[in-house]
Structure formats: structure tokens, C-alpha cells
>>> print(open('coords.cif').read())   # mmCIF, C-alpha atoms
data_query
#
loop_
_atom_site.label_atom_id
_atom_site.label_comp_id
_atom_site.auth_asym_id
_atom_site.auth_seq_id
_atom_site.Cartn_x
_atom_site.Cartn_y
_atom_site.Cartn_z
CA MET A 1 32.58 -17.69 -11.29
CA GLN A 2 32.12 -20.26 -8.55
CA SER A 3 29.43 -22.89 -8.82
CA VAL A 4 26.49 -22.57 -6.44
CA THR A 5 27.21 -26.13 -5.37
CA ASP A 6 30.70 -25.15 -4.22
CA LYS A 7 30.81 -25.16 -0.41
CA SER A 8 33.03 -22.09 -0.24
CA SER A 9 30.63 -20.09 -2.41
CA ILE A 10 27.73 -20.94 -0.09
CA GLU A 11 29.68 -20.01 3.02
CA THR A 12 30.70 -16.63 1.61
CA LEU A 13 27.28 -15.81 0.17
CA ILE A 14 25.84 -12.52 1.41
CA PRO A 15 22.03 -12.53 1.05
CA ALA A 16 21.78 -8.72 1.05
CA GLU A 17 23.78 -8.57 -2.19
CA TYR A 18 21.25 -10.81 -3.96
CA ARG A 19 18.04 -9.28 -2.67
CA PHE A 20 19.08 -5.65 -3.26
CA ILE A 21 18.32 -5.54 -6.98
CA PRO A 22 14.84 -7.19 -6.92
CA THR A 23 13.69 -5.17 -3.91
CA GLN A 24 14.85 -1.94 -5.54
CA VAL A 25 13.17 -2.83 -8.83
CA PHE A 26 9.91 -3.75 -7.08
CA PHE A 27 10.08 -0.57 -5.00
CA LEU A 28 10.43 1.66 -8.07
CA LEU A 29 7.79 -0.30 -10.01
CA ASN A 30 5.34 -0.07 -7.11
CA ALA A 31 5.86 3.69 -6.82
CA ILE A 32 5.16 4.22 -10.54
CA LEU A 33 2.10 1.96 -10.48
CA LEU A 34 0.72 3.71 -7.40
CA PHE A 35 1.09 7.07 -9.13
CA MET A 36 -0.72 5.81 -12.24
CA ILE A 37 -3.55 4.09 -10.37
CA ALA A 38 -4.16 7.02 -8.01
CA PHE A 39 -4.31 9.35 -11.02
CA ILE A 40 -6.70 7.07 -12.93
CA LEU A 41 -8.99 6.67 -9.91
CA THR A 42 -9.22 10.39 -9.11
CA LYS A 43 -8.14 12.10 -12.36
CA HIS A 44 -6.03 14.36 -10.13
CA LEU A 45 -2.25 14.60 -10.47
CA LEU A 46 -2.12 15.67 -6.84
CA ALA A 47 -3.39 12.25 -5.74
CA GLY A 48 -0.84 10.54 -7.97
CA PHE A 49 2.07 12.50 -6.53
CA ALA A 50 0.75 11.97 -2.99
CA ALA A 51 0.69 8.18 -3.53
CA PHE A 52 4.19 8.26 -5.02
CA PHE A 53 5.78 10.27 -2.21
CA ILE A 54 3.92 8.56 0.63
CA TYR A 55 5.14 5.17 -0.57
CA THR A 56 8.71 6.28 -1.29
CA THR A 57 9.29 8.28 1.90
CA ALA A 58 7.07 6.98 4.75
CA PRO A 59 9.31 4.85 7.03
CA SER A 60 6.85 1.95 7.39
CA PHE A 61 6.51 1.48 3.64
CA VAL A 62 10.17 2.09 2.77
CA LEU A 63 11.53 -0.31 5.39
CA SER A 64 8.98 -3.04 4.70
CA SER A 65 9.75 -2.87 0.96
CA ARG A 66 13.32 -3.97 1.70
CA LEU A 67 12.24 -7.25 3.33
CA ALA A 68 12.86 -10.39 1.27
CA MET A 69 9.31 -11.74 1.60
CA LEU A 70 7.05 -13.36 -0.98
CA GLU A 71 4.36 -10.90 0.12
CA ASN A 72 6.48 -8.11 -1.36
CA THR A 73 6.25 -9.91 -4.70
CA LEU A 74 2.47 -9.91 -4.42
CA ILE A 75 2.38 -6.10 -4.17
CA PRO A 76 3.48 -5.30 -7.76
CA LEU A 77 1.37 -8.19 -9.08
CA SER A 78 -1.76 -6.90 -7.34
CA LEU A 79 -1.05 -3.36 -8.57
CA LEU A 80 -0.53 -4.56 -12.13
CA THR A 81 -3.79 -6.50 -11.96
CA LEU A 82 -5.62 -3.44 -10.65
CA LEU A 83 -4.12 -1.26 -13.37
CA PHE A 84 -5.07 -3.72 -16.14
CA LEU A 85 -8.64 -3.91 -14.81
CA LEU A 86 -8.90 -0.12 -14.79
CA LEU A 87 -7.64 -0.05 -18.38
CA PHE A 88 -10.15 -2.77 -19.27
CA LYS A 89 -12.96 -0.58 -17.94
CA ARG A 90 -11.62 2.47 -19.77
CA TYR A 91 -11.30 0.78 -23.18
CA THR A 92 -14.46 -1.37 -23.04
CA THR A 93 -16.56 1.09 -25.02
CA VAL A 94 -13.70 2.68 -26.98
CA LYS A 95 -11.11 0.15 -28.15
CA ILE A 96 -12.34 -3.43 -27.81
CA ASN A 97 -9.02 -5.04 -28.73
CA LEU A 98 -7.14 -3.08 -26.06
CA SER A 99 -9.90 -3.96 -23.62
CA TYR A 100 -9.51 -7.69 -24.26
CA MET A 101 -5.72 -7.39 -24.07
CA SER A 102 -5.97 -5.64 -20.69
CA LEU A 103 -8.26 -8.37 -19.37
CA ALA A 104 -5.88 -11.07 -20.62
CA LEU A 105 -2.92 -9.38 -18.92
CA ALA A 106 -4.94 -9.08 -15.72
CA ALA A 107 -5.59 -12.85 -15.88
CA VAL A 108 -1.84 -13.50 -16.24
CA THR A 109 -0.86 -11.31 -13.27
CA THR A 110 -3.68 -12.81 -11.21
CA GLY A 111 -2.44 -16.32 -12.00
CA LEU A 112 1.12 -15.34 -11.10
CA SER A 113 -0.15 -13.96 -7.79
CA ILE A 114 -1.75 -17.30 -6.94
CA ALA A 115 1.42 -19.12 -7.99
CA THR A 116 3.56 -16.85 -5.81
CA LYS A 117 1.78 -17.72 -2.57
CA GLU A 118 -1.54 -19.13 -1.42
CA SER A 119 -2.61 -15.73 -0.09
CA GLY A 120 -2.37 -14.47 -3.68
CA ILE A 121 -5.92 -15.79 -4.03
CA ALA A 122 -6.86 -12.33 -2.71
CA VAL A 123 -5.95 -10.88 -6.11
CA LEU A 124 -8.38 -13.29 -7.80
CA ILE A 125 -11.13 -12.40 -5.30
CA MET A 126 -10.45 -8.70 -5.91
CA SER A 127 -10.58 -9.16 -9.67
CA ILE A 128 -13.83 -11.12 -9.61
CA ALA A 129 -15.45 -8.53 -7.33
CA ILE A 130 -14.39 -5.67 -9.60
CA LEU A 131 -15.47 -7.43 -12.81
CA VAL A 132 -18.86 -8.32 -11.32
CA GLN A 133 -19.35 -4.64 -10.45
CA TYR A 134 -18.36 -3.77 -14.02
CA ARG A 135 -21.30 -5.99 -15.05
CA ILE A 136 -19.40 -8.07 -17.58
CA SER A 137 -20.99 -11.19 -19.03
CA LYS A 138 -20.63 -14.58 -17.38
CA LYS A 139 -18.74 -15.82 -20.42
CA MET A 140 -16.17 -13.02 -20.12
CA LEU A 141 -15.86 -13.66 -16.40
CA ALA A 142 -15.24 -17.35 -17.02
CA LEU A 143 -12.64 -16.51 -19.68
CA PHE A 144 -10.85 -14.51 -17.00
CA VAL A 145 -11.17 -16.90 -14.05
CA PHE A 146 -10.19 -20.20 -15.71
CA PRO A 147 -6.89 -18.96 -17.24
CA SER A 148 -6.03 -17.32 -13.92
CA LEU A 149 -6.58 -20.57 -12.03
CA ALA A 150 -4.73 -22.53 -14.71
CA ILE A 151 -1.65 -20.30 -14.50
CA GLY A 152 -1.74 -20.18 -10.72
CA GLY A 153 -2.40 -23.88 -10.30
CA VAL A 154 0.46 -25.18 -12.45
CA ILE A 155 3.08 -24.93 -9.72
CA TYR A 156 0.84 -26.61 -7.13
CA CYS A 157 -0.05 -29.45 -9.50
CA TYR A 158 3.61 -29.97 -10.30
CA PHE A 159 4.42 -30.05 -6.59
CA PHE A 160 1.79 -32.70 -5.87
CA ILE A 161 2.93 -34.79 -8.84
CA LEU A 162 6.59 -34.46 -7.85
CA SER A 163 6.13 -35.40 -4.20
CA PRO A 164 2.53 -36.02 -3.07
CA GLY A 165 3.48 -36.95 0.50
CA LEU A 166 5.63 -33.89 1.09
CA ALA A 167 3.05 -31.64 -0.56
CA TRP A 168 0.27 -32.87 1.73
CA ASN A 169 2.50 -32.51 4.80
CA ILE A 170 3.37 -28.91 3.93
CA PHE A 171 -0.26 -28.16 3.13
CA GLY A 172 -1.34 -29.60 6.47
CA ASN A 173 1.34 -27.64 8.32
CA GLN A 174 0.35 -24.38 6.63
CA THR A 175 -3.36 -24.79 7.31
CA GLY A 176 -3.00 -26.25 10.79
CA ARG A 177 -1.28 -23.35 12.52
CA GLY A 178 -2.52 -22.03 15.82
CA PHE A 179 -5.03 -19.22 16.15
CA PHE A 180 -3.67 -15.91 17.45
CA GLY A 181 -7.08 -14.72 18.56
CA PRO A 182 -10.07 -12.61 17.44
CA LEU A 183 -8.09 -9.39 17.99
CA ASN A 184 -5.56 -10.44 15.37
CA PHE A 185 -6.46 -7.75 12.84
CA LEU A 186 -6.82 -5.00 15.46
CA TYR A 187 -3.41 -5.88 16.88
CA SER A 188 -1.78 -5.67 13.45
CA MET A 189 -3.65 -2.54 12.36
CA THR A 190 -2.00 -0.20 14.86
CA GLN A 191 1.53 -0.73 13.52
CA MET A 192 3.74 -3.19 11.64
CA ARG A 193 4.76 -5.86 14.15
CA PHE A 194 8.26 -6.69 13.01
CA ASN A 195 10.76 -6.90 15.85
CA ASN A 196 11.83 -3.40 16.98
CA PHE A 197 10.11 -1.89 13.94
CA PRO A 198 9.82 1.92 14.33
CA LEU A 199 6.33 3.24 15.04
CA ASP A 200 4.96 5.78 12.59
CA GLY A 201 1.45 6.99 11.87
CA TYR A 202 1.30 6.21 8.16
CA TRP A 203 0.33 2.55 8.67
CA LEU A 204 -2.70 3.34 10.87
CA PHE A 205 -3.52 6.38 8.71
CA GLY A 206 -3.88 4.07 5.72
CA PHE A 207 -6.48 1.92 7.46
CA ILE A 208 -8.43 4.94 8.71
CA SER A 209 -8.34 6.40 5.19
CA VAL A 210 -9.90 3.21 3.79
CA PHE A 211 -12.74 3.37 6.32
CA VAL A 212 -13.32 7.08 5.64
CA LEU A 213 -13.41 6.52 1.88
CA HIS A 214 -16.05 3.80 2.23
CA SER A 215 -18.70 6.54 2.14
CA ASP A 216 -17.69 7.22 -1.47
CA LYS A 217 -17.58 3.58 -2.51
CA GLU A 218 -19.04 4.13 -5.99
CA LYS A 219 -15.97 6.12 -7.02
CA ARG A 220 -13.52 3.94 -5.11
CA LEU A 221 -14.94 0.48 -5.77
CA GLU A 222 -11.67 -0.91 -7.16
CA LEU A 223 -9.65 0.22 -4.15
CA LEU A 224 -12.24 -1.01 -1.66
CA SER A 225 -12.64 -4.32 -3.48
CA GLY A 226 -8.89 -4.89 -3.24
CA PHE A 227 -8.80 -4.00 0.43
CA VAL A 228 -11.78 -6.20 1.33
CA ALA A 229 -10.37 -9.15 -0.64
CA THR A 230 -7.01 -8.77 1.13
CA LEU A 231 -8.72 -8.46 4.51
CA VAL A 232 -10.78 -11.63 3.98
CA THR A 233 -7.68 -13.55 2.93
CA TYR A 234 -5.71 -12.12 5.86
CA LEU A 235 -8.36 -13.15 8.39
CA PHE A 236 -8.44 -16.65 6.89
CA PHE A 237 -4.70 -17.30 6.61
CA ALA A 238 -3.10 -15.13 9.29
CA GLY A 239 -3.60 -17.55 12.15
CA LEU A 240 -0.37 -16.87 14.05
CA ASN A 241 -0.24 -13.15 13.29
CA TYR A 242 3.11 -13.22 11.52
CA PRO A 243 3.89 -9.58 10.60
CA TRP A 244 4.58 -10.27 6.93
CA TYR A 245 0.99 -11.42 6.42
CA SER A 246 -0.08 -7.74 6.48
CA LEU A 247 2.30 -6.58 3.72
CA PRO A 248 -0.26 -7.08 0.88
CA PHE A 249 -2.35 -4.32 2.48
CA ILE A 250 0.30 -1.74 1.57
CA PRO A 251 -0.83 -0.75 -1.96
CA PHE A 252 -4.40 -0.17 -0.83
CA LEU A 253 -3.32 1.75 2.28
CA VAL A 254 -1.11 4.03 0.19
CA LEU A 255 -3.83 4.62 -2.40
CA ALA A 256 -6.40 5.35 0.30
CA SER A 257 -3.99 7.72 2.06
CA ALA A 258 -3.30 9.58 -1.19
CA ILE A 259 -7.01 9.96 -1.99
CA PHE A 260 -7.66 11.08 1.61
CA VAL A 261 -5.01 13.81 1.24
CA ASP A 262 -6.38 14.85 -2.16
CA ASP A 263 -9.92 15.09 -0.76
CA LEU A 264 -8.69 17.01 2.29
CA ILE A 265 -7.02 19.64 0.10
CA ARG A 266 -9.98 20.00 -2.27
CA LYS A 267 -12.73 19.77 0.38
CA PRO A 268 -11.19 20.70 3.76
CA GLN A 269 -12.94 19.27 6.82
CA LEU A 270 -11.88 19.78 10.42
CA LEU A 271 -12.17 16.12 11.42
CA LYS A 272 -10.11 14.96 8.44
CA GLY A 273 -7.59 17.69 9.15
CA LEU A 274 -7.17 16.52 12.75
CA ILE A 275 -6.77 12.90 11.60
CA PHE A 276 -4.08 14.03 9.16
CA PHE A 277 -2.34 16.08 11.86
CA THR A 278 -2.49 13.33 14.48
CA LEU A 279 -1.07 10.52 12.33
CA PRO A 280 1.11 11.30 9.29
CA LEU A 281 2.07 14.87 10.18
CA SER A 282 2.92 14.07 13.79
CA SER A 283 4.86 11.01 12.68
CA SER A 284 6.95 12.89 10.12
CA PHE A 285 7.46 15.76 12.56
CA TYR A 286 8.74 13.43 15.27
CA TRP A 287 11.07 11.22 13.22
CA GLY A 288 12.25 13.92 10.84
CA PHE A 289 12.46 16.99 13.07
CA ILE A 290 12.24 16.37 16.82
CA THR A 291 14.88 13.61 16.80
CA ARG A 292 17.45 16.13 15.54
CA ASN A 293 16.32 19.33 17.28
CA ASP A 294 15.64 20.76 20.72
CA VAL A 295 12.47 19.34 22.27
CA ASN A 296 11.30 22.64 23.79
CA ASN A 297 11.45 24.49 20.48
CA SER A 298 9.81 21.50 18.78
CA THR A 299 6.86 21.64 21.18
CA LEU A 300 6.20 25.27 20.33
CA MET A 301 6.41 24.53 16.62
CA TYR A 302 4.09 21.53 17.00
CA ARG A 303 1.41 23.64 18.65
CA GLY A 304 1.82 26.27 15.95
CA LEU A 305 1.29 23.66 13.24
CA LEU A 306 -1.89 22.45 14.94
CA LEU A 307 -3.34 25.95 15.21
CA THR A 308 -2.35 26.74 11.62
CA ILE A 309 -4.10 23.67 10.22
CA ILE A 310 -7.27 24.37 12.23
CA LEU A 311 -7.27 28.01 11.12
CA VAL A 312 -6.73 27.20 7.43
CA ILE A 313 -9.55 24.63 7.44
CA LEU A 314 -11.98 26.95 9.21
CA VAL A 315 -11.19 29.89 6.93
CA SER A 316 -11.48 27.69 3.82
CA GLY A 317 -15.11 27.04 4.76
CA TRP A 318 -16.00 30.66 4.00
CA LYS A 319 -16.77 30.28 0.33
CA HIS A 320 -17.50 33.99 -0.07
CA PHE A 321 -14.04 34.75 1.35
CA PHE A 322 -12.05 32.67 -1.12
CA LYS A 323 -13.29 32.60 -4.68
CA HIS A 324 -10.33 30.45 -5.76
CA LYS A 325 -10.18 28.13 -2.77
CA ASN A 326 -8.82 25.09 -4.65
CA ILE A 327 -5.91 27.08 -6.08
CA LEU A 328 -5.05 28.58 -2.70
CA MET A 329 -5.27 25.21 -0.94
CA CYS A 330 -2.94 23.68 -3.54
CA MET A 331 -0.51 26.57 -3.01
CA ILE A 332 -0.53 25.75 0.70
CA ALA A 333 -0.31 22.00 0.10
CA ILE A 334 2.76 22.11 -2.16
CA PRO A 335 5.20 23.62 0.39
CA ILE A 336 3.73 21.39 3.12
CA GLY A 337 4.29 18.38 0.88
CA ILE A 338 7.90 19.39 0.28
CA ILE A 339 8.44 19.76 4.03
CA PHE A 340 6.90 16.31 4.54
CA VAL A 341 9.24 14.72 2.03
CA LEU A 342 12.27 16.40 3.63
CA TRP A 343 11.16 15.30 7.11
CA ASN A 344 10.65 11.72 5.93
CA ILE A 345 14.08 11.68 4.30
CA GLN A 346 15.61 12.87 7.57
CA ALA A 347 13.51 10.27 9.39
CA MET A 348 14.89 7.45 7.26
CA ARG A 349 18.44 8.63 7.89
CA PHE A 350 17.85 8.67 11.64
CA ILE A 351 16.13 5.26 11.65
CA ARG A 352 18.91 3.70 9.57
CA GLU A 353 21.48 5.06 12.02
CA GLN A 354 19.64 3.96 15.16
CA TRP A 355 17.68 0.86 14.17
CA ILE A 356 19.24 -0.85 11.18
CA SER A 357 22.79 -0.44 12.46
#
>>> encode(input="coords.cif", output="C-alpha cells")
Amino acid sequence: MQSVTDKSSIETLIPAEYRFIPTQVFFLLNAILLFMIAFILTKHLLAGFAAFFIYTTAPSFVLSSRLAMLENTLIPLSLLTLLFLLLFKRYTTVKINLSYMSLALAAVTTGLSIATKESGIAVLIMSIAILVQYRISKKMLALFVFPSLAIGGVIYCYFFILSPGLAWNIFGNQTGRGFFGPLNFLYSMTQMRFNNFPLDGYWLFGFISVFVLHSDKEKRLELLSGFVATLVTYLFFAGLNYPWYSLPFIPFLVLASAIFVDDLIRKPQLLKGLIFFTLPLSSSFYWGFITRNDVNNSTLMYRGLLLTIILVILVSGWKHFFKHKNILMCMIAIPIGIIFVLWNIQAMRFIREQWIS
């Protein structure tokens, strides 16, 4: 094995070979955590599977997960923190020892988030907001916050001790960047702004899902707390609108999308159905079907899908017509979900051929 200090080893180094394993591990870990959290939040397996397959097949999320960015390290850490907090809430009145252990683990992952990057402070803000809404004592809150800051602050303290001048210069450079403008968030919300990044509707659908779910904030307080904390941090740090600043939104967008789909299937509404058709369905249909088939036939099929969704939602409103509406809607949703996954797989193949190559 060649030494990393050997010039020839540096010249022949291929970054893709070294980032493949961690990105794949994070990708799989994120998918499993999203399934678990969506299931815990809703108590519906359907929401869990929706979160899993949206994250693992939607082009925006799949492609962004392959980027070697520190923000992609924050995603599993924020999900682990959210999971530990949910377990803390669950075991508080049942198994006190497991409850304390969950809170301690949440403090560790929160500290690691802060240590990973300054924007990881969003995980701490999310955790504090959730714990305050859980109505824990001030002593318990302090026992969570101080260890988190201690773990997260070690690397920064070491940096300032090692080279105070360089540390202050970097800090000044990071905080003194130009301001993109007040439309920064709106500009980034429509799609991921990486160069030549393919446009799909899942990114915008995630944001719309968060706003729609705000009406049910008592049941979704953990998800909304995470999103709001990330948004506040984004607005504070994302001065120049670099596209990777928006990556920490991904777990909350996926969870919101999954809950939106679960609610749509269980309580069909025409407006929600049209939002679903306009964004994720149209996106998957375009990238996974139209790009490999005749446009004229695709147009006819697209109109048929629109009329079918409208008809199913309208008919599902007749409660006296369907006594087992939930079962029937799930029977309709399962084949549609399979078609979605197949379309997204085809979409990724097409995008890899046309964009990545």
C-alpha cells in the first residue's frame, strides 16, 4: 500500500472510489431511519413505506445523496436525533432507564451535528423546541443542552487553540459572505440549484407538504420543529445561496411527503389529489415514461391518469357507496406505488445516461 504522502498516490487518487462507501452507507441508513420515523409519527406502515421509496427512488433525493458534502452527514445525524427524541417521549412513562438513554443518545448526535458543521446548530434548535413541547423539566433540558454543546464545541475550541489567527480569519470569511437577496428561500424552494440538475416535482412537493401539514401541527410537532429549525438556520447562514445549504431540508421534506401521501389515501381530497398529480406523479411520468415512449400516446395516458384520479377521489367521498373505503383506497394505492417506483427507476437510468455521463 502506498503512503498518502507519496506524490504518485495523490496523483492517481480517484475521489469517487473513496466517497462511494460512505454515501451508500448514509443513503441506506437514511432510508431505514425515514421508514422508522414515519411509522412512529403516524403509526401507519403505509407512511413508512412511502418515506422509504420516495427517498430511495425520487431523482432529486437519490442524486443529492451521492454528493460529497458535509450537509449529507448532517442528514443521518438529524434523523438519529429525531428518532431518539421520539423514543424518549415513548418511554418516558413506561421505561425510565430507556428514556434517559434515548435522551443521552440524542445529546450525542446533536453534539456531533454541531461538530460536523456550523449549520448543525439547527439540530440543537430542533431538539430544544421538541423537548420544550414535551414539557420536560428545566433540569432535564439543561442536562441535554450542555453535553450537546460540549461535544459540539470541542472541535471549535481545539481549532482556536491550535491556530487562533487562522480560526478567526475563517470565521470572518464564513460569516462575511454576500447576501443573495430576500428571495433566497423562494429561489431554492422550486428546485435544487446544482448546475444542470434535473428538475423534478418531489423537491417542491416536499415543501408544499410541510405547509399543508401545518394544520395538524399537534400530531406533527416533531417534523415541523425540525423543518422550522432548519429554515431559520438556512435563512441565517445561506447568504450566497449555495445549493448544498438546502440539503438538510431533505429528511423533513421526505417525511412530510410520506405523511401527505398517507393522508391522501386515507382521507382523499380533490385539492390534495391535484397537488399530488401536478408534482410527484407528473414528474415520475415524465422522467420514467415519456422520455422513453411516444409523446402522442403519453399525452393521452396523462389525461387518462388525471381523470382517473379526479374520479376516484370524488367517488371516495360517497361514504354510503363504499363501506370499506380505506381498504379499497389501499388496494388502489399499492399498484400505483409500484408503478411509481418503476417509473422512478427508469427515470434514474435515463438521467444517468443523459446527465451524469
>>> residues_around(input="coords.cif", residues="Ile32 of chain A", least_positions_apart="5", cutoff="12 Å", atoms="only C-alpha atoms", output="VMD selection string")
chain A and resid 25 to 27 37 to 39 48 to 53 55 to 56 76 79 to 80 83 251
>>> closest_residue(input="coords.cif", among="A:Thr116, A:Ser127, A:Thr308, A:Ser225", to="Leu103 of chain A", atoms="all atoms listed in the file")
A:Ser127
>>> resolve_selection(input="coords.cif", expression="the PyMOL selection byres ((chain A and resi 209) around 8)", output="ChimeraX atom specification")
/A:205-208,210-213,253,256-257,260
>>> atom_distance(input="coords.cif", atom1="atom CA of Pro59 of chain A", atom2="atom CA of Tyr202 of chain A")
8.2 Å
>>> atom_distance(input="coords.cif", atom1="atom CA of Leu305 of chain A", atom2="atom CA of Ser282 of chain A")
9.7 Å
>>> closest_atom_pairs(input="coords.cif", of="segment 7-125 of chain A", to="segment 146-158 of chain A", cutoff="12 Å", atoms="all atoms listed in the file", output="Markdown table")
| residue | atom | partner | partner_atom | distance |
| --- | --- | --- | --- | --- |
| A:Thr81 | CA | A:Ser148 | CA | 11.2 |
| A:Leu103 | CA | A:Ser148 | CA | 10.7 |
| A:Ala104 | CA | A:Pro147 | CA | 8.6 |
| A:Leu105 | CA | A:Ser148 | CA | 9.9 |
| A:Ala106 | CA | A:Ser148 | CA | 8.5 |
| A:Ala107 | CA | A:Ser148 | CA | 4.9 |
| A:Val108 | CA | A:Ser148 | CA | 6.1 |
| A:Thr109 | CA | A:Ser148 | CA | 8.0 |
| A:Thr110 | CA | A:Ser148 | CA | 5.8 |
| A:Gly111 | CA | A:Gly152 | CA | 4.1 |
| A:Leu112 | CA | A:Gly152 | CA | 5.6 |
| A:Ser113 | CA | A:Gly152 | CA | 7.1 |
| A:Ile114 | CA | A:Gly152 | CA | 4.8 |
| A:Ala115 | CA | A:Gly152 | CA | 4.3 |
| A:Thr116 | CA | A:Gly152 | CA | 8.0 |
| A:Lys117 | CA | A:Gly152 | CA | 9.2 |
| A:Glu118 | CA | A:Gly152 | CA | 9.4 |
| A:Ser119 | CA | A:Gly152 | CA | 11.6 |
| A:Gly120 | CA | A:Gly152 | CA | 9.1 |
| A:Ile121 | CA | A:Gly152 | CA | 9.0 |
| A:Val123 | CA | A:Ser148 | CA | 10.1 |
| A:Leu124 | CA | A:Ser148 | CA | 7.7 |
| A:Ile125 | CA | A:Ser148 | CA | 11.2 |
>>> closest_residue(input="coords.cif", among="A:Ile54, A:Ile250, A:Leu162, A:Met329", to="Phe35 of chain A", atoms="all atoms listed in the file")
A:Ile54
>>> closest_residue(input="coords.cif", among="A:Ala31, A:Leu311, A:Val62, A:Leu46", to="Leu247 of chain A", atoms="all atoms listed in the file")
A:Val62
>>> atom_distance(input="coords.cif", atom1="atom CA of Met101 of chain A", atom2="atom CA of Ile40 of chain A")
18.3 Å
>>> closest_residue(input="coords.cif", among="A:Ile332, A:Leu86, A:Leu77, A:Met126", to="Thr233 of chain A", atoms="all atoms listed in the file")
A:Met126
>>> residues_around(input="coords.cif", residues="segment 66-69 of chain A", least_positions_apart="2", cutoff="8 Å", atoms="all atoms listed in the file", output="PyMOL selection string")
chain A and resi 19-20+23-24+62-64+71-73+244
>>> resolve_selection(input="coords.cif", expression="the PyMOL selection byres ((chain A and resi 283) around 12)", output="PyMOL selection string")
chain A and resi 57-60+198-205+275-282+284-291+302+340+343-344+347-348
